[in-house]
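Novice: Next up, upload37.tsv (TSV, C-alpha atoms).
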```
chain	number	residue	atom	x	y	z
A	41	GLY	CA	-13.70	-9.08	17.26
A	42	GLU	CA	-11.27	-10.50	14.74
A	43	ASN	CA	-7.74	-9.12	14.51
A	44	VAL	CA	-5.49	-9.88	11.55
A	45	GLU	CA	-1.78	-9.10	11.66
A	46	GLN	CA	0.29	-9.15	8.47
A	47	HIS	CA	4.07	-9.21	8.04
A	48	PRO	CA	6.23	-7.87	6.59
A	49	SER	CA	4.89	-4.47	5.64
A	50	THR	CA	7.41	-4.20	2.79
A	51	LEU	CA	9.33	-6.88	0.94
A	52	SER	CA	11.92	-6.59	-1.81
A	53	VAL	CA	13.07	-9.64	-3.76
A	54	GLN	CA	15.12	-10.25	-6.84
A	55	GLU	CA	13.27	-11.41	-9.91
A	56	GLY	CA	13.08	-15.20	-9.87
A	57	ASP	CA	13.31	-15.50	-6.10
A	58	SER	CA	10.44	-16.53	-3.84
A	59	ALA	CA	8.37	-14.24	-1.64
A	60	VAL	CA	6.49	-15.18	1.51
A	61	ILE	CA	3.92	-13.06	3.33
A	62	LYS	CA	2.52	-14.16	6.68
A	63	CYS	CA	-0.73	-13.41	8.51
A	64	THR	CA	-2.08	-14.36	11.89
A	65	TYR	CA	-5.69	-14.14	13.04
A	66	SER	CA	-7.28	-14.15	16.46
A	67	ASP	CA	-10.80	-15.56	16.06
A	68	SER	CA	-10.73	-19.36	15.91
A	69	ALA	CA	-14.21	-19.28	14.32
A	70	SER	CA	-12.86	-17.65	11.15
A	71	ASN	CA	-12.91	-20.15	8.34
A	72	TYR	CA	-12.31	-18.29	5.08
A	73	PHE	CA	-8.96	-16.68	4.24
A	74	PRO	CA	-8.59	-14.83	0.94
A	75	TRP	CA	-5.62	-12.95	-0.47
A	76	TYR	CA	-6.03	-9.82	-2.55
A	77	LYS	CA	-3.55	-8.10	-4.84
A	78	GLN	CA	-3.72	-4.36	-5.40
A	79	GLU	CA	-1.64	-2.90	-8.19
A	80	LEU	CA	-0.75	0.76	-8.02
A	81	GLY	CA	-3.82	2.94	-8.54
A	82	LYS	CA	-6.16	-0.01	-8.95
A	83	ARG	CA	-8.73	-1.90	-6.95
A	84	PRO	CA	-7.88	-5.00	-4.89
A	85	GLN	CA	-8.55	-8.27	-6.69
A	86	LEU	CA	-8.71	-11.79	-5.34
A	87	ILE	CA	-5.74	-13.95	-6.27
A	88	ILE	CA	-6.27	-17.02	-4.13
A	89	ASP	CA	-8.26	-18.15	-1.10
A	90	ILE	CA	-8.33	-21.04	1.32
A	91	ARG	CA	-10.98	-22.46	3.60
A	92	SER	CA	-10.39	-23.98	7.00
A	93	ASN	CA	-10.93	-27.55	5.85
A	94	VAL	CA	-7.86	-27.33	3.60
A	95	GLY	CA	-4.21	-27.00	4.62
A	96	GLU	CA	-2.72	-25.84	1.32
A	97	LYS	CA	-3.84	-24.60	-2.05
A	98	LYS	CA	-1.84	-23.86	-5.18
A	99	ASP	CA	-2.48	-21.95	-8.35
A	100	GLN	CA	0.51	-21.90	-10.70
A	101	ARG	CA	3.20	-19.77	-8.98
A	102	ILE	CA	1.01	-18.86	-6.03
A	103	ALA	CA	0.26	-21.01	-2.99
A	104	VAL	CA	-1.39	-20.44	0.35
A	105	THR	CA	-0.93	-22.51	3.49
A	106	LEU	CA	-3.10	-22.53	6.59
A	107	ASN	CA	-2.27	-23.68	10.11
A	108	LYS	CA	-5.53	-23.63	12.07
A	109	THR	CA	-3.91	-24.67	15.32
A	110	ALA	CA	-1.47	-21.78	15.25
A	111	LYS	CA	-4.01	-19.48	13.59
A	112	HIS	CA	-1.75	-18.33	10.82
A	113	PHE	CA	-1.73	-18.50	7.05
A	114	SER	CA	0.84	-17.56	4.46
A	115	LEU	CA	1.09	-16.57	0.81
A	116	HIS	CA	3.95	-18.00	-1.21
A	117	ILE	CA	4.94	-16.64	-4.61
A	118	THR	CA	7.60	-18.55	-6.49
A	119	GLU	CA	9.68	-17.41	-9.47
A	120	THR	CA	8.67	-13.82	-8.88
A	121	GLN	CA	8.28	-11.49	-11.86
A	122	PRO	CA	8.16	-7.69	-12.07
A	123	GLU	CA	4.39	-7.83	-12.59
A	124	ASP	CA	4.07	-9.38	-9.14
A	125	SER	CA	5.03	-5.98	-7.68
A	126	ALA	CA	1.94	-4.77	-5.81
A	127	VAL	CA	0.39	-4.51	-2.37
A	128	TYR	CA	-0.96	-7.79	-1.04
A	129	PHE	CA	-3.69	-8.04	1.60
A	130	CYS	CA	-4.72	-11.07	3.59
A	131	ALA	CA	-8.16	-11.27	5.17
A	132	ALA	CA	-10.20	-13.44	7.50
A	133	SER	CA	-13.94	-13.96	7.72
A	134	LYS	CA	-16.59	-16.50	8.60
A	135	GLU	CA	-18.41	-18.33	5.86
A	136	GLY	CA	-22.11	-18.98	6.17
A	137	GLY	CA	-24.74	-17.79	8.60
A	138	GLY	CA	-25.34	-14.59	6.70
A	139	TYR	CA	-22.27	-13.05	8.22
A	140	GLN	CA	-20.16	-10.76	6.11
A	141	LYS	CA	-17.80	-8.99	8.47
A	142	VAL	CA	-14.36	-9.16	6.87
A	143	THR	CA	-11.11	-8.15	8.54
A	144	PHE	CA	-8.11	-7.33	6.39
A	145	GLY	CA	-4.45	-7.21	7.27
A	146	THR	CA	-2.55	-3.96	6.88
A	147	GLY	CA	-0.95	-5.00	3.60
A	148	THR	CA	2.49	-5.94	2.27
A	149	LYS	CA	4.14	-3.91	-0.45
A	150	LEU	CA	6.08	-6.33	-2.61
A	151	GLN	CA	8.76	-5.02	-4.91
A	152	VAL	CA	10.31	-7.39	-7.44
A	153	ILE	CA	13.64	-6.07	-8.66
A	154	PRO	CA	14.48	-6.99	-12.27
B	120	GLU	CA	-19.86	-6.60	-17.98
B	121	ALA	CA	-20.03	-7.54	-14.32
B	122	GLN	CA	-18.97	-4.60	-12.23
B	123	VAL	CA	-19.25	-2.46	-9.14
B	124	THR	CA	-19.61	1.22	-9.99
B	125	GLN	CA	-19.06	4.01	-7.53
B	126	ASN	CA	-19.30	7.78	-7.92
B	127	PRO	CA	-17.76	10.22	-7.64
B	128	ARG	CA	-14.27	8.90	-8.23
B	129	TYR	CA	-12.63	12.06	-6.94
B	130	LEU	CA	-14.07	14.69	-4.64
B	131	ILE	CA	-12.76	17.60	-2.62
B	132	THR	CA	-15.27	18.95	-0.14
B	133	VAL	CA	-15.39	21.18	2.92
B	134	THR	CA	-15.91	20.22	6.53
B	135	GLY	CA	-19.56	19.79	7.41
B	136	LYS	CA	-20.98	19.66	3.90
B	137	LYS	CA	-23.06	16.51	3.56
B	138	LEU	CA	-22.07	14.19	0.75
B	139	THR	CA	-23.11	10.86	-0.68
B	140	VAL	CA	-20.96	8.35	-2.53
B	141	THR	CA	-23.11	6.11	-4.67
B	142	CYS	CA	-22.44	2.44	-5.34
B	143	SER	CA	-24.18	0.10	-7.70
B	144	GLN	CA	-23.54	-3.52	-8.69
B	145	ASN	CA	-25.00	-5.46	-11.60
B	146	MET	CA	-24.17	-8.98	-10.41
B	147	ASN	CA	-27.29	-9.52	-8.28
B	148	HIS	CA	-25.06	-9.97	-5.22
B	149	GLU	CA	-26.64	-10.24	-1.80
B	150	TYR	CA	-23.74	-8.73	0.10
B	151	MET	CA	-22.34	-5.24	-0.21
B	152	SER	CA	-19.76	-3.39	1.86
B	153	TRP	CA	-17.88	-0.15	2.19
B	154	TYR	CA	-14.19	0.04	3.07
B	155	ARG	CA	-11.74	2.83	3.59
B	156	GLN	CA	-8.07	2.47	2.78
B	157	ASP	CA	-5.45	4.50	4.62
B	158	PRO	CA	-1.65	4.19	4.50
B	159	GLY	CA	-0.39	1.68	7.04
B	160	LEU	CA	-3.91	0.69	8.09
B	161	GLY	CA	-4.96	-1.45	5.16
B	162	LEU	CA	-8.62	-1.89	4.28
B	163	ARG	CA	-11.06	-1.28	7.08
B	164	GLN	CA	-14.71	-2.19	6.80
B	165	ILE	CA	-17.10	0.68	7.48
B	166	TYR	CA	-20.51	-0.93	7.01
B	167	TYR	CA	-21.86	-4.01	5.32
B	168	SER	CA	-25.24	-5.22	4.14
B	169	MET	CA	-26.44	-8.79	3.89
B	170	ASN	CA	-29.59	-7.97	1.97
B	171	VAL	CA	-32.15	-5.25	1.29
B	172	GLU	CA	-32.90	-3.30	4.48
B	173	VAL	CA	-30.28	-5.34	6.42
B	174	THR	CA	-27.12	-3.44	7.37
B	175	ASP	CA	-24.57	-3.69	10.15
B	176	LYS	CA	-21.51	-1.87	11.41
B	177	GLY	CA	-18.03	-2.82	10.42
B	178	ASP	CA	-14.87	-1.80	12.26
B	179	VAL	CA	-14.99	1.96	11.65
B	180	PRO	CA	-18.64	3.10	11.30
B	181	GLU	CA	-18.40	6.41	13.18
B	182	GLY	CA	-19.34	9.38	11.02
B	183	TYR	CA	-20.92	7.31	8.27
B	184	LYS	CA	-24.41	6.14	7.34
B	185	VAL	CA	-25.59	3.66	4.76
B	186	SER	CA	-28.87	2.44	3.33
B	187	ARG	CA	-29.90	-0.57	1.25
B	188	LYS	CA	-33.30	0.13	-0.23
B	189	GLU	CA	-32.58	-1.80	-3.41
B	190	LYS	CA	-30.44	-4.87	-3.91
B	191	ARG	CA	-28.13	-3.23	-6.44
B	192	ASN	CA	-27.45	0.06	-4.61
B	193	PHE	CA	-25.57	0.77	-1.40
B	194	PRO	CA	-24.79	4.49	-0.94
B	195	LEU	CA	-22.37	5.78	1.69
B	196	ILE	CA	-23.45	8.99	3.39
B	197	LEU	CA	-21.19	11.39	5.27
B	198	GLU	CA	-23.62	13.66	7.12
B	199	SER	CA	-20.95	16.08	8.38
B	200	PRO	CA	-17.58	15.23	6.88
B	201	SER	CA	-14.43	15.97	8.83
B	202	PRO	CA	-10.77	16.04	7.71
B	203	ASN	CA	-10.11	12.64	9.33
B	204	GLN	CA	-12.47	11.14	6.78
B	205	THR	CA	-10.07	12.04	3.99
B	206	SER	CA	-9.37	8.63	2.49
B	207	LEU	CA	-9.73	6.26	-0.43
B	208	TYR	CA	-13.11	4.53	-0.26
B	209	PHE	CA	-14.03	1.23	-1.88
B	210	CYS	CA	-17.48	-0.18	-2.39
B	211	ALA	CA	-17.63	-3.94	-2.78
B	212	SER	CA	-20.09	-6.75	-3.39
B	213	SER	CA	-20.06	-10.51	-2.90
B	214	PRO	CA	-22.51	-13.28	-3.80
B	215	SER	CA	-22.44	-14.68	-0.26
B	216	SER	CA	-20.44	-14.67	2.93
B	217	GLY	CA	-17.09	-16.38	2.64
B	218	ASN	CA	-16.87	-15.66	-1.05
B	219	THR	CA	-14.95	-13.48	-3.48
B	220	ILE	CA	-15.29	-9.75	-2.86
B	221	TYR	CA	-15.55	-7.60	-5.99
B	222	PHE	CA	-14.35	-4.06	-5.43
B	223	GLY	CA	-15.32	-0.89	-7.22
B	224	GLU	CA	-12.62	1.37	-8.64
B	225	GLY	CA	-12.42	3.50	-5.52
B	226	SER	CA	-13.36	7.06	-4.59
B	227	TRP	CA	-10.73	9.51	-3.47
B	228	LEU	CA	-12.30	11.85	-0.93
B	229	THR	CA	-10.55	14.91	0.51
B	230	VAL	CA	-12.20	16.93	3.26
B	231	VAL	CA	-10.67	20.36	3.89
```
The structure in this file should be written as structure tokens.
Specialist:
Amino acid sequence: GENVEQHPSTLSVQEGDSAVIKCTYSDSASNYFPWYKQELGKRPQLIIDIRSNVGEKKDQRIAVTLNKTAKHFSLHITETQPEDSAVYFCAASKEGGGYQKVTFGTGTKLQVIP
Amino acid sequence: EAQVTQNPRYLITVTGKKLTVTCSQNMNHEYMSWYRQDPGLGLRQIYYSMNVEVTDKGDVPEGYKVSRKEKRNFPLILESPSPNQTSLYFCASSPSSGNTIYFGEGSWLTVV
């Protein structure tokens, strides 16, 4: 089955700096890679996703890159703000074919220091 | 308001006492799942359902049962809970595979 590894497990950055979280996956058939943000005491919520036919996607201060050959994808947050402090999860799954098995990474706790 | 609702939100129970965590979604989503979240282990999928009467095992199905008799409901059943099932549980729904997952607020379960 799919295996998703996520690094680092914790990350502290100064406000205004950039943060990068990296994930690798094992199943070359995976083609959908979302990122979820979980604030303390709340549910995970989607912040950005990327599909295997795209190499990069941006949404304001957040970007995700995908390297299918190396089977890794990364989340980039620029100009970090205190409200970016949360746990971030990457995930991998297959789109289509009625298949809904989703494998998450173990999470990265991001702390943005004011 | 579009939402995934699960109950109870907090529960302390004893080993072996059967319990059910209910989950309901009002978005007419085909797909529903259950996850457990444990420190250092992230979110692990317990079971998922692709439609009414269609369910399949996730990564950690042992000790759990599910059913999908109606499209909107997907209860999680612990027939004989054990302390290692103490965890934070999330129900989730999605309109299709490879699409946004909408999580419920979570259910904190403690088995003593």
Novice: Quick one: residues within 9 Å of Ser114 of chain A, only C-alpha atoms counted, chain neighbours fewer than 3 positions away excluded, as a PDB file with C-alpha atoms, keeping the file's coordinate frame?
Specialist:
```pdb
ATOM      1  CA  VAL A  60       6.490 -15.180   1.510  1.00  0.00           C
ATOM      2  CA  ILE A  61       3.920 -13.060   3.330  1.00  0.00           C
ATOM      3  CA  LYS A  62       2.520 -14.160   6.680  1.00  0.00           C
ATOM      4  CA  CYS A  63      -0.730 -13.410   8.510  1.00  0.00           C
ATOM      5  CA  THR A  64      -2.080 -14.360  11.890  1.00  0.00           C
ATOM      6  CA  ALA A 103       0.260 -21.010  -2.990  1.00  0.00           C
ATOM      7  CA  VAL A 104      -1.390 -20.440   0.350  1.00  0.00           C
ATOM      8  CA  THR A 105      -0.930 -22.510   3.490  1.00  0.00           C
ATOM      9  CA  LEU A 106      -3.100 -22.530   6.590  1.00  0.00           C
ATOM     10  CA  ASN A 107      -2.270 -23.680  10.110  1.00  0.00           C
ATOM     11  CA  CYS A 130      -4.720 -11.070   3.590  1.00  0.00           C
TER      12      CYS A 130
END
```
Novice: Taking into account all atoms listed in the file, which residue in the set A:Tyr128, A:Tyr72, A:Tyr65, A:Phe113 is nearest to chain B?
Specialist: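 When distances to chain B are compared using all atoms listed in the file, the smallest one comes from A:Tyr72.
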Novice: Might you pull out every residue within 7 Å of Ser58 of chain A, with all atoms listed in the file counted and same-chain residues fewer than 6 positions away left off, and present them as a ChimeraX atom specification?
Specialist: /A:117-120
Novice: Please report, as a Markdown table, each residue of chain B lying at most 12 Å from chain A, together with the nearest pair of atoms and the separation in Å rounded to one decimal; use all atoms listed in the file, and order rows by chain and ascending residue number.
Specialist:
```
| residue | atom | partner | partner_atom | distance |
| --- | --- | --- | --- | --- |
| B:Gln122 | CA | A:Arg83 | CA | 11.8 |
| B:Val123 | CA | A:Arg83 | CA | 10.8 |
| B:Thr124 | CA | A:Arg83 | CA | 11.7 |
| B:Gln125 | CA | A:Arg83 | CA | 11.9 |
| B:Glu149 | CA | A:Gly138 | CA | 9.6 |
| B:Tyr150 | CA | A:Gln140 | CA | 7.3 |
| B:Met151 | CA | A:Gln140 | CA | 8.7 |
| B:Ser152 | CA | A:Gln140 | CA | 8.5 |
| B:Trp153 | CA | A:Val142 | CA | 10.7 |
| B:Tyr154 | CA | A:Val142 | CA | 10.0 |
| B:Arg155 | CA | A:Phe144 | CA | 11.1 |
| B:Gln156 | CA | A:Thr146 | CA | 9.4 |
| B:Asp157 | CA | A:Thr146 | CA | 9.2 |
| B:Pro158 | CA | A:Thr146 | CA | 8.5 |
| B:Gly159 | CA | A:Thr146 | CA | 6.0 |
| B:Leu160 | CA | A:Thr146 | CA | 5.0 |
| B:Gly161 | CA | A:Thr146 | CA | 3.9 |
| B:Leu162 | CA | A:Phe144 | CA | 5.9 |
| B:Arg163 | CA | A:Phe144 | CA | 6.8 |
| B:Gln164 | CA | A:Val142 | CA | 7.0 |
| B:Ile165 | CA | A:Lys141 | CA | 9.7 |
| B:Tyr166 | CA | A:Lys141 | CA | 8.6 |
| B:Tyr167 | CA | A:Gln140 | CA | 7.0 |
| B:Ser168 | CA | A:Gln140 | CA | 7.8 |
| B:Met169 | CA | A:Gly138 | CA | 6.5 |
| B:Asn170 | CA | A:Gly138 | CA | 9.2 |
| B:Val173 | CA | A:Gly138 | CA | 10.5 |
| B:Thr174 | CA | A:Gln140 | CA | 10.2 |
| B:Asp175 | CA | A:Lys141 | CA | 8.8 |
| B:Lys176 | CA | A:Lys141 | CA | 8.5 |
| B:Gly177 | CA | A:Lys141 | CA | 6.5 |
| B:Asp178 | CA | A:Thr143 | CA | 8.3 |
| B:Val179 | CA | A:Thr143 | CA | 11.3 |
| B:Leu207 | CA | A:Arg83 | CA | 10.5 |
| B:Tyr208 | CA | A:Arg83 | CA | 10.3 |
| B:Phe209 | CA | A:Arg83 | CA | 8.0 |
| B:Cys210 | CA | A:Arg83 | CA | 10.0 |
| B:Ala211 | CA | A:Pro84 | CA | 10.0 |
| B:Ser212 | CA | A:Gln140 | CA | 10.3 |
| B:Ser213 | CA | A:Gln140 | CA | 9.0 |
| B:Pro214 | CA | A:Gln140 | CA | 10.5 |
| B:Ser215 | CA | A:Gly138 | CA | 7.5 |
| B:Ser216 | CA | A:Gln140 | CA | 5.0 |
| B:Gly217 | CA | A:Glu135 | CA | 4.0 |
| B:Asn218 | CA | A:Glu135 | CA | 7.6 |
| B:Thr219 | CA | A:Leu86 | CA | 6.7 |
| B:Ile220 | CA | A:Leu86 | CA | 7.3 |
| B:Tyr221 | CA | A:Gln85 | CA | 7.1 |
| B:Phe222 | CA | A:Arg83 | CA | 6.2 |
| B:Gly223 | CA | A:Arg83 | CA | 6.7 |
| B:Glu224 | CA | A:Arg83 | CA | 5.4 |
| B:Gly225 | CA | A:Arg83 | CA | 6.7 |
| B:Ser226 | CA | A:Arg83 | CA | 10.4 |
| B:Trp227 | CA | A:Gly81 | CA | 10.8 |
```
Novice: Go ahead and save the picked residues with C-alpha atoms, as a PDB file, in the frame of the given file.
Specialist:
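Result written to again.pdb:
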```pdb
ATOM      1  CA  GLN B 122     -18.970  -4.600 -12.230  1.00  0.00           C
ATOM      2  CA  VAL B 123     -19.250  -2.460  -9.140  1.00  0.00           C
ATOM      3  CA  THR B 124     -19.610   1.220  -9.990  1.00  0.00           C
ATOM      4  CA  GLN B 125     -19.060   4.010  -7.530  1.00  0.00           C
ATOM      5  CA  GLU B 149     -26.640 -10.240  -1.800  1.00  0.00           C
ATOM      6  CA  TYR B 150     -23.740  -8.730   0.100  1.00  0.00           C
ATOM      7  CA  MET B 151     -22.340  -5.240  -0.210  1.00  0.00           C
ATOM      8  CA  SER B 152     -19.760  -3.390   1.860  1.00  0.00           C
ATOM      9  CA  TRP B 153     -17.880  -0.150   2.190  1.00  0.00           C
ATOM     10  CA  TYR B 154     -14.190   0.040   3.070  1.00  0.00           C
ATOM     11  CA  ARG B 155     -11.740   2.830   3.590  1.00  0.00           C
ATOM     12  CA  GLN B 156      -8.070   2.470   2.780  1.00  0.00           C
ATOM     13  CA  ASP B 157      -5.450   4.500   4.620  1.00  0.00           C
ATOM     14  CA  PRO B 158      -1.650   4.190   4.500  1.00  0.00           C
ATOM     15  CA  GLY B 159      -0.390   1.680   7.040  1.00  0.00           C
ATOM     16  CA  LEU B 160      -3.910   0.690   8.090  1.00  0.00           C
ATOM     17  CA  GLY B 161      -4.960  -1.450   5.160  1.00  0.00           C
ATOM     18  CA  LEU B 162      -8.620  -1.890   4.280  1.00  0.00           C
ATOM     19  CA  ARG B 163     -11.060  -1.280   7.080  1.00  0.00           C
ATOM     20  CA  GLN B 164     -14.710  -2.190   6.800  1.00  0.00           C
ATOM     21  CA  ILE B 165     -17.100   0.680   7.480  1.00  0.00           C
ATOM     22  CA  TYR B 166     -20.510  -0.930   7.010  1.00  0.00           C
ATOM     23  CA  TYR B 167     -21.860  -4.010   5.320  1.00  0.00           C
ATOM     24  CA  SER B 168     -25.240  -5.220   4.140  1.00  0.00           C
ATOM     25  CA  MET B 169     -26.440  -8.790   3.890  1.00  0.00           C
ATOM     26  CA  ASN B 170     -29.590  -7.970   1.970  1.00  0.00           C
ATOM     27  CA  VAL B 173     -30.280  -5.340   6.420  1.00  0.00           C
ATOM     28  CA  THR B 174     -27.120  -3.440   7.370  1.00  0.00           C
ATOM     29  CA  ASP B 175     -24.570  -3.690  10.150  1.00  0.00           C
ATOM     30  CA  LYS B 176     -21.510  -1.870  11.410  1.00  0.00           C
ATOM     31  CA  GLY B 177     -18.030  -2.820  10.420  1.00  0.00           C
ATOM     32  CA  ASP B 178     -14.870  -1.800  12.260  1.00  0.00           C
ATOM     33  CA  VAL B 179     -14.990   1.960  11.650  1.00  0.00           C
ATOM     34  CA  LEU B 207      -9.730   6.260  -0.430  1.00  0.00           C
ATOM     35  CA  TYR B 208     -13.110   4.530  -0.260  1.00  0.00           C
ATOM     36  CA  PHE B 209     -14.030   1.230  -1.880  1.00  0.00           C
ATOM     37  CA  CYS B 210     -17.480  -0.180  -2.390  1.00  0.00           C
ATOM     38  CA  ALA B 211     -17.630  -3.940  -2.780  1.00  0.00           C
ATOM     39  CA  SER B 212     -20.090  -6.750  -3.390  1.00  0.00           C
ATOM     40  CA  SER B 213     -20.060 -10.510  -2.900  1.00  0.00           C
ATOM     41  CA  PRO B 214     -22.510 -13.280  -3.800  1.00  0.00           C
ATOM     42  CA  SER B 215     -22.440 -14.680  -0.260  1.00  0.00           C
ATOM     43  CA  SER B 216     -20.440 -14.670   2.930  1.00  0.00           C
ATOM     44  CA  GLY B 217     -17.090 -16.380   2.640  1.00  0.00           C
ATOM     45  CA  ASN B 218     -16.870 -15.660  -1.050  1.00  0.00           C
ATOM     46  CA  THR B 219     -14.950 -13.480  -3.480  1.00  0.00           C
ATOM     47  CA  ILE B 220     -15.290  -9.750  -2.860  1.00  0.00           C
ATOM     48  CA  TYR B 221     -15.550  -7.600  -5.990  1.00  0.00           C
ATOM     49  CA  PHE B 222     -14.350  -4.060  -5.430  1.00  0.00           C
ATOM     50  CA  GLY B 223     -15.320  -0.890  -7.220  1.00  0.00           C
ATOM     51  CA  GLU B 224     -12.620   1.370  -8.640  1.00  0.00           C
ATOM     52  CA  GLY B 225     -12.420   3.500  -5.520  1.00  0.00           C
ATOM     53  CA  SER B 226     -13.360   7.060  -4.590  1.00  0.00           C
ATOM     54  CA  TRP B 227     -10.730   9.510  -3.470  1.00  0.00           C
TER      55      TRP B 227
END
```
Novice: What is the atom CA of Ser143 of chain B to atom CA of Asn203 of chain B distance in Å?
Specialist: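 Separation of atom CA of Ser143 of chain B and atom CA of Asn203 of chain B: 25.4 Å.
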Novice: Might you pull out every residue within 10 Å of Lys137 of chain B, with all atoms listed in the file counted and same-chain residues fewer than 6 positions away left off, and present them as a list in words?
Specialist: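 Surrounding residues, per the criterion: Ile196, Leu197, Glu198, Ser199 and Pro200 of chain B.
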Novice: Can you tell me how far atom CA of Asn145 of chain B sits from atom CA of Glu120 of chain B, in Å to one decimal?
Specialist: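 Going from atom CA of Asn145 of chain B over to atom CA of Glu120 of chain B covers 8.3 Å.
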Novice: Between atom CA of Tyr183 of chain B and atom CA of Gly135 of chain B, what is the spacing in Å?
Specialist: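 Going from atom CA of Gly135 of chain B over to atom CA of Tyr183 of chain B covers 12.6 Å.
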